[in-house]
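Notes to accompany the following structure.
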Amino acid sequence: MFPMNGPWYAVTKRLMDIVAAAAGLAVLAPIILLIAVAVKLDSRGPVFHRGVRVGRGGKPFTMLKFRSMVADAERRGASSTSGDDPRLTCVGGWLRRYKLDEVPQLINVLRGEMSLVGPRPQVPWAVERYSPVERRVLSVRPGMTDYASLAFINEGEILRGSHDPDRDYFEKIHPDKMRLSLKYVDEMSLRTDLSILAATLASVVRRGEAAP
């Protein structure tokens with residue numbers, strides 16, 4: 001098992017990110033094109049949502065997602081999204097269910113702004129509320145999936161019916177997600193990364209099989 005800050009682990013992790021992200025974008029290119037067309041036909045607005053997130057070292061970056069909400073969603077409501085959020089589009093709700101809205105983040109991985117595995121990046125206002133201990137998650141590159149992503153894959157359902165999604169997120173979800181994110185920071189290794197990637201893939205497949 002590679003140590004968290006060991007040079008070989010860091011090099012191997014970055015190499016794995018580059019190869020997997022490039023291969024993923026190439027293999028998924030036809031699906032990406034179909035999703036882009038569906039998003040464009042479903043509602044007015046751009047194909048991609050570009051949201052500011054805080055990355056390693058507290059440096060902000062632009063995270064890419066397929067747009068799953070109406071074009072002016074940020075002006076209409078909270079940063080957190082419940083499963084019954086009226087801002088969700090028809091195609092967007094489906095994309096979120098199967099995590100397909102996050103596929104463009106493979107571009108962020110290629111750029112080095114994100115990793116395949118790591119704590120999910122947060123919006124600036126949320127990071128401003130981090131305690132000194134919680135800010136440890138900013139010492140590593142944020143990722144597309146981690147322990148917290150697996151535990152809260154149904155985050156939207158937890159927030160369903162909320163009148164203040166941002167407040168409820170911080171009260172009901174944030175503490176446990178942060179605990180799991182810090183657990184990843186403490187346990188970073190190639191074995192951990194591969195295990196989380198396998199579990200993430202299995203989780204998405206199960207959601208697909210359970211679809212009506």
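Within each chain, counting starts at residue 1; across the structure tokens, chains are named A, B, ... in the order shown, with ligands numbered 1 upward in that order.
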Exercise: segment 64-72 of chain A partners within 6 Å, only C-alpha atoms, chain neighbours under 4 positions left out, as a list in words: Gly45, Val47, Phe48, His49, Arg50, Arg87, Leu88, Thr89, Gly92, Asp101, Glu102, Pro104 and Gln105 of chain A
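Across the structure, atom CA of Pro142 of chain A and atom CA of Gly156 of chain A are spaced 20.6 Å apart.
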Strand (DSSP E or B) per DSSP on the backbone: members of chain A, as a PyMOL selection string: chain A and resi 48-54+60-66+69+88+115-117+122+143-145
List as CSV every residue of segment 10-128 of chain A that is in contact with segment 169-179 of chain A, defined as an atom at most 12 Å from one of its atoms (using only C-alpha atoms), together with the nearest atom pair and the distance in Å rounded to one decimal, sorted by chain and then rising number.
```
residue,atom,partner,partner_atom,distance
A:Ala78,CA,A:Tyr169,CA,10.4
A:Ser79,CA,A:Tyr169,CA,9.8
A:Ser80,CA,A:Tyr169,CA,7.0
A:Thr81,CA,A:Tyr169,CA,9.2
A:Ser82,CA,A:Tyr169,CA,9.6
A:Gly118,CA,A:Met178,CA,11.9
A:Pro119,CA,A:Met178,CA,8.5
A:Arg120,CA,A:Lys177,CA,9.3
A:Pro121,CA,A:Met178,CA,11.2
A:Gln122,CA,A:His174,CA,10.7
A:Trp125,CA,A:Phe170,CA,11.5
A:Ala126,CA,A:Phe170,CA,8.5
A:Val127,CA,A:His174,CA,11.2
```
Could you save those same residues with N, CA and C atoms as a short mmCIF file (atom, residue, chain, number, x, y, z; two decimals), in the first residue's frame?
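Final file, result02.cif:
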```
data_model
loop_
_atom_site.label_atom_id
_atom_site.label_comp_id
_atom_site.auth_asym_id
_atom_site.auth_seq_id
_atom_site.Cartn_x
_atom_site.Cartn_y
_atom_site.Cartn_z
N ALA A 78 -31.47 27.67 -4.10
CA ALA A 78 -30.29 27.28 -3.33
C ALA A 78 -29.23 26.57 -4.17
N SER A 79 -28.04 26.44 -3.58
CA SER A 79 -26.96 25.69 -4.23
C SER A 79 -27.24 24.19 -4.17
N SER A 80 -27.83 23.74 -3.06
CA SER A 80 -28.16 22.33 -2.87
C SER A 80 -29.44 22.00 -3.63
N THR A 81 -29.53 20.78 -4.12
CA THR A 81 -30.65 20.39 -4.96
C THR A 81 -31.39 19.20 -4.38
N SER A 82 -32.68 19.36 -4.14
CA SER A 82 -33.51 18.26 -3.65
C SER A 82 -34.05 17.46 -4.82
N GLY A 118 -11.61 11.31 -4.76
CA GLY A 118 -11.22 12.36 -3.82
C GLY A 118 -12.47 13.02 -3.27
N PRO A 119 -12.34 13.81 -2.22
CA PRO A 119 -13.49 14.49 -1.63
C PRO A 119 -14.19 15.36 -2.68
N ARG A 120 -15.51 15.34 -2.70
CA ARG A 120 -16.25 16.14 -3.65
C ARG A 120 -15.99 17.63 -3.41
N PRO A 121 -15.73 18.40 -4.47
CA PRO A 121 -15.47 19.83 -4.31
C PRO A 121 -16.74 20.59 -3.92
N GLN A 122 -16.58 21.60 -3.11
CA GLN A 122 -17.72 22.36 -2.63
C GLN A 122 -17.72 23.78 -3.18
N TRP A 125 -19.10 29.34 -0.65
CA TRP A 125 -19.75 29.72 0.61
C TRP A 125 -19.71 28.59 1.63
N ALA A 126 -19.76 27.34 1.14
CA ALA A 126 -19.71 26.20 2.05
C ALA A 126 -18.31 26.04 2.64
N VAL A 127 -17.28 26.22 1.80
CA VAL A 127 -15.91 26.09 2.27
C VAL A 127 -15.58 27.15 3.32
#
```
